[in-house]
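Written below as structure tokens is the structure these notes are about.
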Amino acid sequence: LVNTYINEKEFLNNLFFKKQSSSFFNQNIDFDKIVHFSSSHLMLPSMYSKLKEKNQLKYIPQELEKYLSKIYKMNHKRNMSLVNEIKEISSLFREKKINHVFIKGSANIISGLYTNIGDRMVGDIDILVHKNDLEQAYKILNLEGYFKLKNSFITTRHLHRIINKNKLFAIELHKSLFDNEKVLKTKEILEKKVYVNEVYIPCETDRFYNNIYNYQINDEGYAKLSYSYKCIYDYFLLKN
């Protein structure tokens with residue numbers, strides 16, 4: 001299976017990580033494989049954005065361009081709602097003196113990490129909250145119409161996922177980033193937090209390491225001997 005995607009992975013590596021302006025395509029590229037691989041790694045919006053940025057859309061089939069464009073526009077619209085919902089919660093938590101930071105995809109979007117806001121796919125809003133404020137933060141969101149999903153689960157690092165029928169994104173309140181707090185301690189992250197675009201997020205160094213550790217530890221990348229292209233791309237952007 002690994003060998004069947006050699007040309008396609010080389011194409012994506014060139015597209016995302018190199019600055020050359022000549023065509024990244026060759027006669028051995030299989031567009032179906034590119035779409036399958038990119039979709040499995042949640043990279044289709046980013047791929048379209050990069051193809052457009054590097055003037056490569058003219059090399060792909062017209063139907064594929066339309067497909068990628070539709071996905072990108074949908075994700076762009078979704079992320080515009082994400083920013084609005086993050087800022088609403090941020091304002092509420094700051095008013096109530098909740099010690100917190102928005103983490104993961106939400107923090108990267110707010111910080112302007114991506115060239116275009118539609119590049120990154122985000123599943124929900126993750127917020128790291130000081131343990132002394134966690135219960136109060138949960139009650140505040142309850143009063144705002146957020147409630148627990150029936151099938152949601154709780155872990156040692158976060159509470160039940162909660163949703164609001166009038167909002168697009170679910171929320172997870174975290175008391176730690178990992179089950180073992182020896183890695184990136186909550187207290188230290190909150191002490192070094194920064195204020196960007198009306199929102200508290202971790203400093204760049206903490207976001208950099210959280211991006212790596214989250215996939216390897218929480219998503220068990222180390223145990224499965226797997227990798228996330230999305231995390232590698234975030235790593236590349238944060239590093240640079």
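Labeling convention for the structure tokens: chains A, B, ... as they appear, residues from 1 per chain, ligands from 1 in order of appearance.
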Env of A:Val35: 10 Å cut, atoms = only C-alpha atoms, seq-sep filter 2 positions within chain, self excluded. Answer as a ChimeraX atom specification.
/A:8,30-33,37-41,43-44,47,64,68
Name all residues at most 9 Å from stretch 108-125 of chain A (count only C-alpha atoms; drop same-chain ones fewer than 6 positions away) and give them as a ChimeraX atom specification.
/A:42-50,72-80,82-83,85-86,102,168-173,196-199,201,207,230,234,237-238
Enumerate as a PyMOL selection string all residues of stretch 24-234 of chain A assigned to helix (DSSP H, G or I) by DSSP on the backbone, naming them with the chain letters and numbers the document uses.
chain A and resi 31-40+44-53+57-59+62-95+104-110+134-143+186-191+204-218+221-224+229-234
Store the residues picked out above, limited to C-alpha atoms, as a CSV table (one decimal), in the first residue's frame.
chain,number,residue,atom,x,y,z
A,31,PHE,CA,-5.6,12.0,-9.4
A,32,ASP,CA,-8.0,9.6,-7.7
A,33,LYS,CA,-5.2,8.5,-5.4
A,34,ILE,CA,-4.3,12.1,-4.6
A,35,VAL,CA,-7.9,12.8,-3.6
A,36,HIS,CA,-8.2,9.6,-1.6
A,37,PHE,CA,-4.9,10.2,0.3
A,38,SER,CA,-5.6,14.0,0.9
A,39,SER,CA,-9.1,13.3,2.1
A,40,SER,CA,-8.0,10.6,4.6
A,44,LEU,CA,-8.4,18.7,0.6
A,45,PRO,CA,-9.0,22.4,1.4
A,46,SER,CA,-5.3,23.0,1.9
A,47,MET,CA,-4.5,21.2,-1.3
A,48,TYR,CA,-6.9,23.4,-3.3
A,49,SER,CA,-5.5,26.5,-1.6
A,50,LYS,CA,-1.9,25.6,-2.5
A,51,LEU,CA,-2.8,24.6,-6.1
A,52,LYS,CA,-4.4,28.0,-6.6
A,53,GLU,CA,-1.6,29.9,-4.8
A,57,LEU,CA,-5.1,24.3,-11.0
A,58,LYS,CA,-4.6,24.4,-14.8
A,59,TYR,CA,-2.9,21.0,-14.6
A,62,GLN,CA,-11.8,20.6,-14.6
A,63,GLU,CA,-14.2,18.4,-12.7
A,64,LEU,CA,-11.6,17.9,-10.0
A,65,GLU,CA,-11.1,21.6,-9.8
A,66,LYS,CA,-14.8,22.2,-9.3
A,67,TYR,CA,-14.9,19.5,-6.6
A,68,LEU,CA,-12.0,20.9,-4.7
A,69,SER,CA,-13.3,24.5,-5.0
A,70,LYS,CA,-16.7,23.5,-3.6
A,71,ILE,CA,-15.0,21.8,-0.6
A,72,TYR,CA,-12.7,24.7,0.0
A,73,LYS,CA,-15.6,27.2,-0.1
A,74,MET,CA,-17.7,25.1,2.3
A,75,ASN,CA,-14.7,24.9,4.7
A,76,HIS,CA,-14.0,28.6,4.4
A,77,LYS,CA,-17.6,29.4,5.3
A,78,ARG,CA,-17.5,26.9,8.2
A,79,ASN,CA,-14.2,28.5,9.6
A,80,MET,CA,-15.7,32.0,9.4
A,81,SER,CA,-18.4,30.7,11.7
A,82,LEU,CA,-15.7,29.0,13.8
A,83,VAL,CA,-13.9,32.4,14.4
A,84,ASN,CA,-17.2,34.0,15.4
A,85,GLU,CA,-18.1,31.3,17.9
A,86,ILE,CA,-14.6,31.3,19.4
A,87,LYS,CA,-14.7,35.1,19.9
A,88,GLU,CA,-18.1,34.8,21.5
A,89,ILE,CA,-16.9,32.2,24.0
A,90,SER,CA,-13.6,34.1,24.5
A,91,SER,CA,-15.5,37.3,25.4
A,92,LEU,CA,-17.8,35.4,27.8
A,93,PHE,CA,-14.9,33.7,29.6
A,94,ARG,CA,-12.9,36.9,29.9
A,95,GLU,CA,-15.9,38.7,31.4
A,104,LYS,CA,-5.2,23.0,18.6
A,105,GLY,CA,-7.0,24.0,15.4
A,106,SER,CA,-8.9,26.9,17.0
A,107,ALA,CA,-5.6,28.5,18.2
A,108,ASN,CA,-4.0,28.0,14.8
A,109,ILE,CA,-6.9,29.6,12.9
A,110,ILE,CA,-7.1,32.6,15.4
A,134,LEU,CA,-13.4,24.2,35.0
A,135,GLU,CA,-16.7,23.7,36.7
A,136,GLN,CA,-17.6,27.3,36.4
A,137,ALA,CA,-16.7,27.3,32.7
A,138,TYR,CA,-19.0,24.3,32.1
A,139,LYS,CA,-21.9,26.0,34.0
A,140,ILE,CA,-21.4,29.2,31.9
A,141,LEU,CA,-21.7,27.3,28.7
A,142,ASN,CA,-24.8,25.4,30.0
A,143,LEU,CA,-26.5,28.8,30.6
A,186,THR,CA,-1.6,23.2,32.1
A,187,LYS,CA,-0.3,25.7,34.7
A,188,GLU,CA,2.7,26.5,32.7
A,189,ILE,CA,0.8,26.9,29.4
A,190,LEU,CA,-1.7,29.3,31.1
A,191,GLU,CA,1.1,31.3,32.6
A,204,GLU,CA,4.0,29.5,19.8
A,205,THR,CA,6.4,27.1,21.5
A,206,ASP,CA,3.6,25.3,23.4
A,207,ARG,CA,1.4,25.2,20.2
A,208,PHE,CA,4.4,23.7,18.4
A,209,TYR,CA,4.9,20.9,20.9
A,210,ASN,CA,1.2,20.2,21.4
A,211,ASN,CA,0.8,19.7,17.7
A,212,ILE,CA,3.4,16.9,17.8
A,213,TYR,CA,2.4,15.3,21.1
A,214,ASN,CA,-1.3,15.4,20.5
A,215,TYR,CA,-1.2,13.1,17.5
A,216,GLN,CA,1.6,10.8,18.9
A,217,ILE,CA,0.0,10.5,22.4
A,218,ASN,CA,-3.7,11.2,22.3
A,221,GLY,CA,0.3,7.7,16.4
A,222,TYR,CA,3.3,6.1,18.1
A,223,ALA,CA,1.5,2.9,18.9
A,224,LYS,CA,0.0,2.6,15.4
A,229,TYR,CA,-0.2,14.8,7.1
A,230,LYS,CA,-2.3,17.6,8.7
A,231,CYS,CA,0.0,17.6,11.8
A,232,ILE,CA,3.1,17.5,9.6
A,233,TYR,CA,1.8,20.5,7.7
A,234,ASP,CA,1.0,22.4,10.9
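Excluding A:Leu159 itself and same-chain residues fewer than 3 positions from it, the residues having an atom within 12 Å of it are Asp126, Ile127, Leu128, Val129, Lys131, Leu134, Glu135, Ala137, Tyr138, Phe147, Lys148, Leu149, Ser152, Phe153, Ile154, Thr155, Thr156, Ile162, Ile171, Glu172, Leu173, His174, Lys175, Ser176 and Leu177 of chain A, counting only C-alpha atoms.
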Export of prior selection with C-alpha atoms as a PDB file, in the first residue's frame:
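The result, written out as out-v5.pdb:
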ATOM      1  CA  ASP A 126     -11.017  22.766  22.243  1.00  0.00           C
ATOM      2  CA  ILE A 127     -10.407  24.961  25.281  1.00  0.00           C
ATOM      3  CA  LEU A 128      -7.863  24.356  28.024  1.00  0.00           C
ATOM      4  CA  VAL A 129      -9.172  25.665  31.370  1.00  0.00           C
ATOM      5  CA  LYS A 131      -8.808  23.196  37.046  1.00  0.00           C
ATOM      6  CA  LEU A 134     -13.410  24.166  34.951  1.00  0.00           C
ATOM      7  CA  GLU A 135     -16.741  23.656  36.726  1.00  0.00           C
ATOM      8  CA  ALA A 137     -16.736  27.332  32.687  1.00  0.00           C
ATOM      9  CA  TYR A 138     -19.004  24.329  32.134  1.00  0.00           C
ATOM     10  CA  PHE A 147     -25.603  20.599  26.589  1.00  0.00           C
ATOM     11  CA  LYS A 148     -23.978  17.168  26.784  1.00  0.00           C
ATOM     12  CA  LEU A 149     -24.287  14.754  23.886  1.00  0.00           C
ATOM     13  CA  SER A 152     -20.186  11.709  24.485  1.00  0.00           C
ATOM     14  CA  PHE A 153     -17.438  10.382  26.700  1.00  0.00           C
ATOM     15  CA  ILE A 154     -15.318  11.875  29.445  1.00  0.00           C
ATOM     16  CA  THR A 155     -11.581  11.331  29.921  1.00  0.00           C
ATOM     17  CA  THR A 156      -9.050  12.321  32.532  1.00  0.00           C
ATOM     18  CA  ILE A 162     -21.131  19.717  24.551  1.00  0.00           C
ATOM     19  CA  ILE A 171     -16.925  22.276  22.530  1.00  0.00           C
ATOM     20  CA  GLU A 172     -14.533  20.220  24.636  1.00  0.00           C
ATOM     21  CA  LEU A 173     -13.304  21.738  27.896  1.00  0.00           C
ATOM     22  CA  HIS A 174      -9.884  20.353  28.820  1.00  0.00           C
ATOM     23  CA  LYS A 175      -8.217  20.396  32.220  1.00  0.00           C
ATOM     24  CA  SER A 176      -5.008  19.048  30.672  1.00  0.00           C
ATOM     25  CA  LEU A 177      -3.653  18.356  27.208  1.00  0.00           C
TER      26      LEU A 177
END
Quick check, in Å to one decimal: how far apart do atom CA of A:Val101 and atom CA of A:Val183 lie?
16.8 Å
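Between atom CA of A:Arg161 and atom CA of A:Lys193 there is a distance of 23.5 Å.
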